[in-house]
file data_32.txt (compact mmCIF, C-alpha atoms)
# COMPACT_ATOMS: atom_id res chain seq x y z
CA MET A 1 107.46 -16.50 -72.04
CA PRO A 2 105.18 -16.51 -69.04
CA LEU A 3 104.60 -19.74 -67.14
CA ASP A 4 101.44 -21.49 -68.37
CA ILE A 5 99.26 -22.63 -65.51
CA GLY A 6 96.42 -25.12 -65.74
CA VAL A 7 94.06 -24.96 -62.78
CA LEU A 8 91.90 -28.00 -62.03
CA VAL A 9 88.63 -27.27 -60.24
CA SER A 10 85.38 -28.93 -59.23
CA GLY A 11 83.39 -26.44 -57.20
CA ARG A 12 83.04 -22.83 -56.26
CA GLY A 13 86.49 -21.84 -57.46
CA SER A 14 87.46 -19.48 -54.67
CA ASN A 15 91.10 -20.56 -54.84
CA LEU A 16 91.02 -20.11 -58.62
CA GLU A 17 89.68 -16.62 -58.01
CA ALA A 18 92.49 -15.90 -55.55
CA ILE A 19 95.05 -17.00 -58.17
CA LEU A 20 93.49 -14.94 -60.97
CA ASP A 21 93.15 -11.96 -58.67
CA SER A 22 96.81 -12.28 -57.63
CA ILE A 23 97.88 -12.29 -61.27
CA ALA A 24 95.65 -9.30 -62.04
CA HIS A 25 97.18 -7.35 -59.15
CA GLY A 26 100.79 -8.34 -59.81
CA ARG A 27 101.25 -10.53 -56.76
CA ILE A 28 101.98 -13.37 -59.18
CA THR A 29 104.31 -12.31 -61.97
CA GLY A 30 105.57 -14.09 -65.07
CA ALA A 31 102.66 -16.49 -65.14
CA ARG A 32 99.18 -16.78 -66.61
CA VAL A 33 96.30 -19.18 -66.18
CA SER A 34 96.08 -20.70 -69.66
CA VAL A 35 93.27 -23.12 -68.99
CA VAL A 36 90.83 -24.07 -66.27
CA VAL A 37 89.64 -27.67 -66.33
CA SER A 38 86.56 -28.53 -64.33
CA SER A 39 85.54 -32.05 -63.40
CA ALA A 40 81.92 -30.92 -63.16
CA SER A 41 79.67 -28.77 -65.28
CA GLY A 42 77.61 -25.89 -63.97
CA VAL A 43 79.94 -25.07 -61.11
CA ARG A 44 80.81 -21.54 -60.02
CA ALA A 45 84.52 -22.10 -60.79
CA VAL A 46 83.71 -22.15 -64.51
CA ASP A 47 81.95 -18.80 -64.20
CA VAL A 48 84.95 -17.38 -62.37
CA ALA A 49 87.27 -18.49 -65.17
CA ARG A 50 85.02 -16.96 -67.84
CA ARG A 51 84.73 -13.70 -65.92
CA PHE A 52 88.54 -13.45 -66.07
CA GLY A 53 88.51 -14.42 -69.78
CA VAL A 54 90.26 -17.74 -69.21
CA ASP A 55 89.63 -20.71 -71.50
CA THR A 56 87.68 -23.42 -69.76
CA VAL A 57 87.32 -27.12 -70.46
CA VAL A 58 84.68 -29.15 -68.71
CA LEU A 59 85.58 -32.81 -68.42
CA ASP A 60 82.43 -33.89 -66.64
CA ALA A 61 83.49 -37.02 -64.83
CA ALA A 62 79.90 -38.05 -64.11
CA SER A 63 78.76 -38.08 -67.75
CA LEU A 64 82.02 -39.10 -69.47
CA ARG A 65 82.12 -42.49 -67.79
CA LEU A 66 85.80 -43.00 -68.49
CA SER A 67 88.26 -45.16 -66.62
CA ARG A 68 90.72 -43.24 -64.46
CA GLN A 69 93.45 -43.85 -67.01
CA GLU A 70 91.27 -42.59 -69.88
CA TYR A 71 90.19 -39.54 -67.89
CA ASP A 72 93.75 -38.70 -66.89
CA ASP A 73 94.95 -39.09 -70.51
CA LEU A 74 92.23 -36.76 -71.75
CA LEU A 75 93.13 -34.26 -69.04
CA ALA A 76 96.85 -34.41 -69.94
CA GLU A 77 95.95 -33.89 -73.60
CA GLN A 78 93.87 -30.80 -72.82
CA LEU A 79 96.70 -29.38 -70.73
CA ALA A 80 99.27 -30.13 -73.45
CA ARG A 81 97.25 -28.06 -75.92
CA LYS A 82 97.92 -25.08 -73.69
CA GLY A 83 101.62 -25.74 -73.32
CA ILE A 84 101.42 -27.57 -70.00
CA SER A 85 103.36 -30.82 -70.07
CA GLN A 86 105.97 -32.78 -68.16
CA SER A 87 108.61 -30.26 -69.24
CA ASP A 88 106.65 -27.00 -69.15
CA GLY A 89 104.01 -25.20 -67.18
CA LEU A 90 102.36 -25.86 -63.85
CA VAL A 91 99.23 -27.78 -62.85
CA VAL A 92 97.40 -26.51 -59.77
CA LEU A 93 94.75 -28.56 -57.99
CA ALA A 94 92.35 -26.01 -56.54
CA GLY A 95 89.55 -27.98 -54.98
CA PHE A 96 89.70 -30.68 -57.66
CA ASP A 97 87.65 -33.59 -56.38
CA ARG A 98 89.18 -36.44 -58.33
CA ILE A 99 92.17 -38.55 -57.31
CA LEU A 100 94.68 -38.49 -60.14
CA GLY A 101 96.34 -41.77 -61.09
CA ALA A 102 100.03 -42.47 -60.50
CA GLY A 103 100.69 -42.21 -64.25
CA PHE A 104 99.46 -38.62 -64.40
CA VAL A 105 101.10 -37.68 -61.11
CA ASN A 106 104.47 -39.11 -62.07
CA LYS A 107 104.31 -37.49 -65.51
CA PHE A 108 103.82 -34.06 -63.93
CA ALA A 109 106.21 -34.68 -61.02
CA GLY A 110 107.54 -31.35 -59.75
CA ARG A 111 104.95 -29.45 -61.81
CA LEU A 112 101.81 -30.42 -59.94
CA ILE A 113 100.76 -28.74 -56.69
CA ASN A 114 97.80 -29.04 -54.36
CA VAL A 115 96.43 -27.13 -51.41
CA HIS A 116 95.16 -29.23 -48.51
CA PRO A 117 93.00 -27.79 -45.71
CA ALA A 118 95.12 -29.00 -42.78
CA LEU A 119 98.67 -28.82 -41.49
CA LEU A 120 99.99 -32.01 -43.04
CA PRO A 121 100.89 -34.67 -42.01
CA SER A 122 97.86 -34.19 -39.72
CA PHE A 123 94.44 -34.94 -41.22
CA LYS A 124 95.20 -36.33 -44.64
CA GLY A 125 92.39 -37.25 -46.99
CA LEU A 126 88.80 -36.13 -47.15
CA HIS A 127 87.05 -33.81 -44.69
CA ALA A 128 90.30 -32.61 -43.13
CA GLN A 129 88.52 -29.75 -41.36
CA ARG A 130 85.96 -32.09 -39.82
CA GLN A 131 88.77 -34.42 -38.74
CA ALA A 132 90.47 -31.46 -37.05
CA VAL A 133 87.34 -30.37 -35.20
CA GLU A 134 86.63 -33.91 -34.05
CA TYR A 135 90.22 -34.46 -32.90
CA GLY A 136 90.04 -31.27 -30.88
CA VAL A 137 93.18 -29.51 -32.15
CA LYS A 138 93.64 -25.84 -31.26
CA VAL A 139 95.71 -25.01 -34.33
CA SER A 140 95.08 -26.14 -37.89
CA GLY A 141 95.78 -24.52 -41.24
CA CYS A 142 96.58 -25.29 -44.84
CA THR A 143 99.41 -26.89 -46.75
CA VAL A 144 100.56 -26.26 -50.31
CA HIS A 145 102.58 -29.22 -51.52
CA PHE A 146 103.88 -30.97 -54.57
CA VAL A 147 101.70 -33.91 -55.45
CA VAL A 148 103.15 -37.42 -55.39
CA ALA A 149 101.34 -40.70 -55.94
CA ASP A 150 100.81 -41.11 -52.19
CA VAL A 151 97.81 -38.91 -51.29
CA ASP A 152 98.72 -35.72 -49.35
CA ALA A 153 102.29 -36.93 -48.80
CA GLY A 154 104.35 -34.80 -51.22
CA PRO A 155 107.07 -32.27 -50.36
CA ILE A 156 105.64 -29.22 -48.60
CA ILE A 157 106.08 -25.79 -50.19
CA LEU A 158 104.41 -23.75 -47.50
CA GLN A 159 101.97 -23.94 -44.64
CA LYS A 160 99.87 -21.38 -42.83
CA ALA A 161 98.49 -21.93 -39.35
CA VAL A 162 95.05 -20.78 -38.20
CA GLU A 163 93.48 -20.86 -34.77
CA VAL A 164 90.73 -23.37 -34.05
CA LYS A 165 88.19 -21.76 -31.73
CA ASP A 166 86.32 -23.67 -29.05
CA ASP A 167 82.98 -23.06 -30.75
CA ASP A 168 84.14 -23.92 -34.27
CA ASP A 169 82.28 -26.45 -36.33
CA GLU A 170 83.41 -27.91 -39.64
CA GLU A 171 81.94 -24.98 -41.57
CA SER A 172 83.37 -22.11 -39.54
CA LEU A 173 86.81 -23.74 -39.44
CA SER A 174 86.67 -24.43 -43.18
CA GLU A 175 85.98 -20.75 -43.86
CA ARG A 176 88.95 -19.64 -41.75
CA ILE A 177 91.26 -22.16 -43.38
CA LEU A 178 90.01 -21.15 -46.84
CA ARG A 179 91.10 -17.57 -46.19
CA ALA A 180 94.58 -18.91 -45.40
CA GLU A 181 94.50 -20.98 -48.61
CA HIS A 182 93.71 -17.83 -50.59
CA GLU A 183 97.00 -16.36 -49.35
CA ALA A 184 99.13 -19.50 -49.42
CA LEU A 185 98.32 -20.85 -52.87
CA PRO A 186 99.17 -17.65 -54.80
CA GLN A 187 102.36 -17.25 -52.73
CA ALA A 188 103.44 -20.78 -53.60
CA ILE A 189 102.67 -20.21 -57.29
CA GLN A 190 104.72 -17.03 -57.27
CA MET A 191 107.66 -18.92 -55.71
CA PHE A 192 107.35 -21.57 -58.43
CA ALA A 193 106.94 -19.05 -61.24
CA THR A 194 110.07 -17.19 -60.20
CA GLY A 195 112.09 -20.41 -60.02
CA ARG A 196 112.77 -20.15 -56.31
CA LEU A 197 111.69 -23.64 -55.23
CA LYS A 198 114.35 -26.31 -54.85
CA VAL A 199 113.24 -29.79 -53.83
CA ASN A 200 115.82 -31.66 -51.78
CA GLY A 201 114.42 -35.06 -50.85
CA ARG A 202 111.35 -34.35 -48.76
CA ARG A 203 112.31 -30.75 -48.05
CA VAL A 204 111.48 -27.80 -50.24
CA VAL A 205 113.89 -24.89 -49.93
CA VAL A 206 112.93 -21.40 -51.05
CA ALA A 207 115.91 -19.74 -52.75
CA MET B 1 93.90 -23.62 -0.65
CA PRO B 2 96.18 -23.24 -3.61
CA LEU B 3 96.39 -26.03 -6.16
CA ASP B 4 99.29 -28.37 -5.39
CA ILE B 5 101.35 -29.12 -8.47
CA GLY B 6 103.85 -31.93 -8.84
CA VAL B 7 106.26 -31.43 -11.73
CA LEU B 8 108.05 -34.48 -13.14
CA VAL B 9 111.40 -33.79 -14.78
CA SER B 10 114.43 -35.57 -16.16
CA GLY B 11 116.74 -32.96 -17.65
CA ARG B 12 117.53 -29.30 -17.78
CA GLY B 13 114.22 -28.17 -16.33
CA SER B 14 113.58 -25.16 -18.53
CA ASN B 15 109.83 -25.80 -18.55
CA LEU B 16 109.92 -26.21 -14.76
CA GLU B 17 111.70 -22.85 -14.60
CA ALA B 18 109.02 -21.28 -16.80
CA ILE B 19 106.32 -22.59 -14.45
CA LEU B 20 108.09 -21.39 -11.29
CA ASP B 21 108.81 -18.06 -12.88
CA SER B 22 105.16 -17.68 -13.92
CA ILE B 23 104.04 -18.36 -10.34
CA ALA B 24 106.62 -15.90 -8.96
CA HIS B 25 105.39 -13.21 -11.35
CA GLY B 26 101.67 -13.84 -10.87
CA ARG B 27 100.98 -15.25 -14.32
CA ILE B 28 99.88 -18.44 -12.58
CA THR B 29 97.66 -17.73 -9.57
CA GLY B 30 96.14 -19.96 -6.92
CA ALA B 31 98.75 -22.67 -7.43
CA ARG B 32 102.14 -23.70 -6.11
CA VAL B 33 104.70 -26.30 -7.10
CA SER B 34 104.69 -28.55 -4.05
CA VAL B 35 107.20 -31.08 -5.27
CA VAL B 36 109.53 -31.72 -8.17
CA VAL B 37 110.26 -35.37 -8.91
CA SER B 38 113.24 -36.15 -11.10
CA SER B 39 113.83 -39.51 -12.78
CA ALA B 40 117.56 -38.80 -12.82
CA SER B 41 120.05 -37.44 -10.30
CA GLY B 42 122.46 -34.63 -11.00
CA VAL B 43 120.29 -32.92 -13.58
CA ARG B 44 119.85 -29.16 -13.83
CA ALA B 45 116.10 -29.41 -13.16
CA VAL B 46 116.85 -30.36 -9.54
CA ASP B 47 119.03 -27.27 -9.13
CA VAL B 48 116.25 -25.12 -10.58
CA ALA B 49 113.77 -26.52 -8.06
CA ARG B 50 116.15 -25.91 -5.15
CA ARG B 51 116.87 -22.38 -6.30
CA PHE B 52 113.11 -21.68 -6.04
CA GLY B 53 112.96 -23.44 -2.66
CA VAL B 54 110.82 -26.31 -3.92
CA ASP B 55 111.07 -29.76 -2.35
CA THR B 56 112.68 -32.27 -4.68
CA VAL B 57 112.58 -36.03 -4.80
CA VAL B 58 114.98 -37.95 -6.98
CA LEU B 59 113.62 -41.32 -8.07
CA ASP B 60 116.64 -42.35 -10.08
CA ALA B 61 115.22 -44.86 -12.52
CA ALA B 62 118.66 -46.16 -13.51
CA SER B 63 119.74 -47.09 -9.98
CA LEU B 64 116.38 -48.05 -8.46
CA ARG B 65 115.86 -50.98 -10.84
CA LEU B 66 112.14 -51.16 -10.20
CA SER B 67 109.44 -52.53 -12.45
CA ARG B 68 107.28 -49.92 -14.14
CA GLN B 69 104.45 -50.71 -11.72
CA GLU B 70 106.74 -50.39 -8.69
CA TYR B 71 108.21 -47.14 -9.98
CA ASP B 72 104.81 -45.66 -10.71
CA ASP B 73 103.53 -46.68 -7.26
CA LEU B 74 106.50 -45.03 -5.57
CA LEU B 75 105.93 -41.91 -7.67
CA ALA B 76 102.23 -41.79 -6.76
CA GLU B 77 103.14 -42.21 -3.09
CA GLN B 78 105.60 -39.31 -3.21
CA LEU B 79 102.99 -37.11 -4.89
CA ALA B 80 100.30 -38.11 -2.38
CA ARG B 81 102.52 -36.90 0.46
CA LYS B 82 102.27 -33.43 -1.06
CA GLY B 83 98.52 -33.54 -1.51
CA ILE B 84 98.54 -34.60 -5.15
CA SER B 85 96.20 -37.53 -5.76
CA GLN B 86 93.40 -38.69 -8.02
CA SER B 87 91.08 -36.16 -6.37
CA ASP B 88 93.43 -33.23 -5.77
CA GLY B 89 96.29 -31.40 -7.36
CA LEU B 90 97.89 -31.50 -10.78
CA VAL B 91 100.77 -33.52 -12.21
CA VAL B 92 102.79 -31.86 -14.96
CA LEU B 93 105.19 -33.78 -17.18
CA ALA B 94 107.90 -31.29 -18.08
CA GLY B 95 110.46 -33.21 -20.06
CA PHE B 96 109.93 -36.38 -18.03
CA ASP B 97 111.64 -39.17 -19.97
CA ARG B 98 109.72 -42.17 -18.65
CA ILE B 99 106.53 -43.62 -20.07
CA LEU B 100 103.99 -43.86 -17.24
CA GLY B 101 101.93 -47.04 -17.03
CA ALA B 102 98.20 -47.13 -17.70
CA GLY B 103 97.51 -47.62 -13.99
CA PHE B 104 99.18 -44.33 -13.06
CA VAL B 105 97.72 -42.49 -16.05
CA ASN B 106 94.18 -43.68 -15.36
CA LYS B 107 94.48 -42.87 -11.66
CA PHE B 108 95.43 -39.26 -12.46
CA ALA B 109 93.03 -38.93 -15.41
CA GLY B 110 92.11 -35.28 -15.88
CA ARG B 111 94.90 -34.21 -13.48
CA LEU B 112 97.93 -35.13 -15.59
CA ILE B 113 99.21 -32.93 -18.39
CA ASN B 114 102.14 -33.07 -20.77
CA VAL B 115 103.77 -30.74 -23.26
CA HIS B 116 104.80 -32.30 -26.57
CA PRO B 117 107.16 -30.55 -29.02
CA ALA B 118 104.93 -30.82 -32.12
CA LEU B 119 101.45 -29.91 -33.28
CA LEU B 120 99.73 -33.18 -32.46
CA PRO B 121 98.53 -35.42 -34.03
CA SER B 122 101.61 -34.82 -36.20
CA PHE B 123 104.89 -36.30 -34.96
CA LYS B 124 103.93 -38.31 -31.92
CA GLY B 125 106.57 -40.08 -29.88
CA LEU B 126 110.27 -39.46 -29.52
CA HIS B 127 112.32 -36.90 -31.42
CA ALA B 128 109.28 -34.98 -32.64
CA GLN B 129 111.42 -32.05 -33.75
CA ARG B 130 113.69 -34.30 -35.81
CA GLN B 131 110.62 -35.96 -37.33
CA ALA B 132 109.31 -32.51 -38.31
CA VAL B 133 112.60 -31.45 -39.92
CA GLU B 134 112.88 -34.70 -41.83
CA TYR B 135 109.26 -34.51 -43.01
CA GLY B 136 109.86 -31.01 -44.29
CA VAL B 137 106.95 -29.20 -42.63
CA LYS B 138 106.98 -25.40 -42.68
CA VAL B 139 104.96 -25.01 -39.47
CA SER B 140 105.39 -26.97 -36.28
CA GLY B 141 104.87 -26.05 -32.63
CA CYS B 142 103.93 -27.49 -29.28
CA THR B 143 100.89 -29.11 -27.72
CA VAL B 144 99.79 -29.15 -24.08
CA HIS B 145 97.40 -32.03 -23.53
CA PHE B 146 95.85 -34.23 -20.90
CA VAL B 147 97.65 -37.53 -20.73
CA VAL B 148 95.78 -40.73 -21.54
CA ALA B 149 97.16 -44.26 -21.75
CA ASP B 150 97.69 -43.90 -25.50
CA VAL B 151 100.94 -41.93 -25.95
CA ASP B 152 100.46 -38.32 -27.13
CA ALA B 153 96.79 -38.92 -27.88
CA GLY B 154 94.96 -37.15 -25.04
CA PRO B 155 92.58 -34.17 -25.27
CA ILE B 156 94.41 -31.01 -26.33
CA ILE B 157 94.37 -27.97 -24.00
CA LEU B 158 96.30 -25.61 -26.22
CA GLN B 159 98.75 -25.48 -29.09
CA LYS B 160 101.16 -22.86 -30.32
CA ALA B 161 102.52 -22.79 -33.86
CA VAL B 162 106.08 -21.85 -34.78
CA GLU B 163 107.69 -21.37 -38.16
CA VAL B 164 110.11 -23.99 -39.46
CA LYS B 165 112.86 -22.24 -41.39
CA ASP B 166 114.53 -23.73 -44.46
CA ASP B 167 117.89 -23.93 -42.71
CA ASP B 168 116.59 -25.37 -39.44
CA ASP B 169 118.08 -28.51 -38.02
CA GLU B 170 116.74 -30.51 -35.10
CA GLU B 171 118.54 -28.29 -32.59
CA SER B 172 117.50 -24.90 -33.91
CA LEU B 173 113.87 -26.01 -34.32
CA SER B 174 113.89 -27.53 -30.82
CA GLU B 175 115.02 -24.20 -29.36
CA ARG B 176 112.25 -22.30 -31.14
CA ILE B 177 109.61 -24.81 -30.07
CA LEU B 178 110.95 -24.74 -26.49
CA ARG B 179 110.31 -21.00 -26.32
CA ALA B 180 106.69 -21.69 -27.33
CA GLU B 181 106.47 -24.41 -24.67
CA HIS B 182 107.61 -21.90 -22.06
CA GLU B 183 104.56 -19.79 -22.89
CA ALA B 184 102.06 -22.57 -23.48
CA LEU B 185 102.64 -24.74 -20.43
CA PRO B 186 102.18 -21.96 -17.83
CA GLN B 187 99.10 -20.73 -19.72
CA ALA B 188 97.58 -24.20 -19.63
CA ILE B 189 98.37 -24.56 -15.92
CA GLN B 190 96.74 -21.22 -15.22
CA MET B 191 93.61 -22.35 -17.11
CA PHE B 192 93.54 -25.55 -15.04
CA ALA B 193 94.25 -23.77 -11.74
CA THR B 194 91.37 -21.36 -12.31
CA GLY B 195 88.97 -24.19 -13.16
CA ARG B 196 88.36 -23.02 -16.71
CA LEU B 197 89.02 -26.31 -18.56
CA LYS B 198 86.05 -28.48 -19.47
CA VAL B 199 86.74 -31.76 -21.25
CA ASN B 200 83.98 -32.81 -23.61
CA GLY B 201 84.95 -36.06 -25.29
CA ARG B 202 88.12 -35.29 -27.23
CA ARG B 203 87.60 -31.52 -27.11
CA VAL B 204 88.77 -29.25 -24.32
CA VAL B 205 86.74 -26.08 -23.95
CA VAL B 206 88.12 -23.07 -22.12
CA ALA B 207 85.36 -21.47 -20.05

call {"tool": "encode", "arguments": {"input": "data_32.txt", "output": "C-alpha cells"}}
result
Amino acid sequence: MPLDIGVLVSGRGSNLEAILDSIAHGRITGARVSVVVSSASGVRAVDVARRFGVDTVVLDAASLRLSRQEYDDLLAEQLARKGISQSDGLVVLAGFDRILGAGFVNKFAGRLINVHPALLPSFKGLHAQRQAVEYGVKVSGCTVHFVVADVDAGPIILQKAVEVKDDDDEESLSERILRAEHEALPQAIQMFATGRLKVNGRRVVVA
Amino acid sequence: MPLDIGVLVSGRGSNLEAILDSIAHGRITGARVSVVVSSASGVRAVDVARRFGVDTVVLDAASLRLSRQEYDDLLAEQLARKGISQSDGLVVLAGFDRILGAGFVNKFAGRLINVHPALLPSFKGLHAQRQAVEYGVKVSGCTVHFVVADVDAGPIILQKAVEVKDDDDEESLSERILRAEHEALPQAIQMFATGRLKVNGRRVVVA
C-alpha cells in the first residue's frame, strides 16, 4: 500500500505542486497525495490539486467560525477518511496559515512535517524572510522538520542553504528560498515514505 | 600605507595562520599583520606569529590579574603602538577567549571583527558547534561580523554554510566549520582592506 499523504495548504500551492510533480516523475515513490485540505477557498492551491486529480476539501477558516479545537477535530476527521491518522499516513504543511493546536500536533506526532523559510533555529515564526533581510544575514534557507507543539522547534529532517544577496528584499529572498523548498520538501517526503527517517531525541538520522 | 592589523588569539592560531598565509600569497592585499596579541602564554598561535616574523605580545590574563577595564586598556595601548586605533587599522578576533568590555568595543567600532563558528543568529555564545549538534541542525557554518557590545550580535560581513552530517560530533563539525572560517576570515579582511564594506544599519553591503 502506498503512503497516504494529506497536504494542508492556504495559498498558491507551489510546494504542493512540487510534491505532486515529484510523485508524477518518480522522485517520490510509494506515496500518493490522497487529499489536499485548504484553509481558504478560491486559492490557487485548490486548482493545482484538481489539475492533478487530487481530492480537495476546503475548510474555510474565515467562514466556518469554529474554535481551534473544533477546526482541528474536523481536519483530523477529513484526514482519517483518507487513511491518514495517528498510526498511518503523513500530514504535510505546505504553506498552511493556521497554527494547529497541541492536541492535533501530539496526535500526529512523527507523522506531521512542515517547511519553514529559514535555517532554524534562526527566524522562527511569521515573515522569516523579512526577519532575515532585516537582520542582515548572508546565508538563509529552508528547513523541513517534524512539527511539535512548540512552533518551529521540532526535529529537523533537512535544511538547504541559499545565499542572501546585498540587494535582496523580502520578495526576492522569498523566491530564492521557495526554490530551495521545492527541492527540500519532496526529498524529505521521499525519505519518510521509504522509512529512512529515525528520530533520536532532537536529531533525525537518515538511514 | 598598508592597513595595520592586530590579531588577538588565545589558542592554536589556525585562523591567524590562514590570515598570514593569505597575505603571503596575495589573497589579502594592502594589509599586514602588525602585531599578534595572545591572552595566554605558550600557545601555538604565538609560534605561528613568530614563524611569519610578526611581533607578538603576550598579555597573559591568568597571571596579570587585571580588571577587565585594565586589561582592555593595556590591550588598546599595545595596539596603538602598532598604529591600530579608533581611527586606523583593524582588530581581528581569531579565537580570542576573552570577552572585551563595551569601552573597548565601542572605541574600535567598525574596526573590530570576529569569526563565530555558527550561522548567526543561531547558536550565539560558547560551544556553538556543540549547540548545533545537540539541536540537530543539518546546516551550520561560520559568520564573520563586526563586533558590537552585544555578544555575537554585530552586523554580518559574510557567512559560509557547511553540511552537518548525521554522524557528526562536536569535534568533527568543529573541524569542518574551521575550514570554512579559514576561507571566510581572510575574504572578509580583504573586503575591509580594500574599503569595500559599507555598514547600513544592521546590513553590511559589499561595494

call {"tool": "interface_residues", "arguments": {"input": "data_32.txt", "of": "chain A", "to": "chain B", "cutoff": "8 Å", "atoms": "all atoms listed in the file", "output": "number ranges by chain"}}
result
A: 119-122, 134-139, 155-161, 166, 202-206

call {"tool": "residues_around", "arguments": {"input": "data_32.txt", "residues": "segment 18-26 of chain B", "least_positions_apart": "3", "cutoff": "8 Å", "atoms": "all atoms listed in the file", "output": "number ranges by chain"}}
result
B: 14-15, 29, 31-33, 52, 182-183, 185-186

call {"tool": "atom_distance", "arguments": {"input": "data_32.txt", "atom1": "atom CA of Asp60 of chain B", "atom2": "atom CA of Ala80 of chain B"}}
result
18.6 Å

call {"tool": "residues_around", "arguments": {"input": "data_32.txt", "residues": "Val37 of chain B", "least_positions_apart": "3", "cutoff": "10 Å", "atoms": "only C-alpha atoms", "output": "ChimeraX atom specification"}}
result
/B:6-10,40,45-46,49,55-60,75,78-79,93,96

call {"tool": "atom_distance", "arguments": {"input": "data_32.txt", "atom1": "atom CA of Val92 of chain A", "atom2": "atom CA of Ile28 of chain A"}}
result
13.9 Å

call {"tool": "closest_residue", "arguments": {"input": "data_32.txt", "among": "B:Asp97, B:Asp88, B:Asp4, B:Asp47", "to": "Ala62 of chain B", "atoms": "all atoms listed in the file"}}
result
B:Asp97

call {"tool": "closest_residue", "arguments": {"input": "data_32.txt", "among": "A:Gly110, A:Asp168, A:Ala102, A:Ala61", "to": "Leu197 of chain A", "atoms": "all atoms listed in the file"}}
result
A:Gly110

call {"tool": "atom_distance", "arguments": {"input": "data_32.txt", "atom1": "atom CA of Phe192 of chain B", "atom2": "atom CA of Met1 of chain B"}}
result
14.5 Å

call {"tool": "closest_residue", "arguments": {"input": "data_32.txt", "among": "B:Gln86, B:Thr194, B:Ser172, B:Ser34", "to": "Gly53 of chain B", "atoms": "only C-alpha atoms"}}
result
B:Ser34

call {"tool": "residues_around", "arguments": {"input": "data_32.txt", "residues": "Leu112 of chain A", "least_positions_apart": "4", "cutoff": "8 Å", "atoms": "all atoms listed in the file", "output": "ChimeraX atom specification"}}
result
/A:90-93,105,108,146-147

call {"tool": "write_last_selection", "arguments": {"input": "data_32.txt", "atoms": "C-alpha atoms", "output": "short mmCIF file (atom, residue, chain, number, x, y, z; two decimals), keeping the file's coordinate frame"}}
result
data_model
loop_
_atom_site.label_atom_id
_atom_site.label_comp_id
_atom_site.auth_asym_id
_atom_site.auth_seq_id
_atom_site.Cartn_x
_atom_site.Cartn_y
_atom_site.Cartn_z
CA LEU A 90 102.36 -25.86 -63.85
CA VAL A 91 99.23 -27.78 -62.85
CA VAL A 92 97.40 -26.51 -59.77
CA LEU A 93 94.75 -28.56 -57.99
CA VAL A 105 101.10 -37.68 -61.11
CA PHE A 108 103.82 -34.06 -63.93
CA PHE A 146 103.88 -30.97 -54.57
CA VAL A 147 101.70 -33.91 -55.45
#

call {"tool": "closest_residue", "arguments": {"input": "data_32.txt", "among": "A:Ala149, A:Ala118, A:Val199, A:Ala188", "to": "Arg176 of chain A", "atoms": "all atoms listed in the file"}}
result
A:Ala118

call {"tool": "closest_residue", "arguments": {"input": "data_32.txt", "among": "B:Val144, B:Val35, B:Ala180, B:Ile189", "to": "Arg81 of chain B", "atoms": "all atoms listed in the file"}}
result
B:Val35
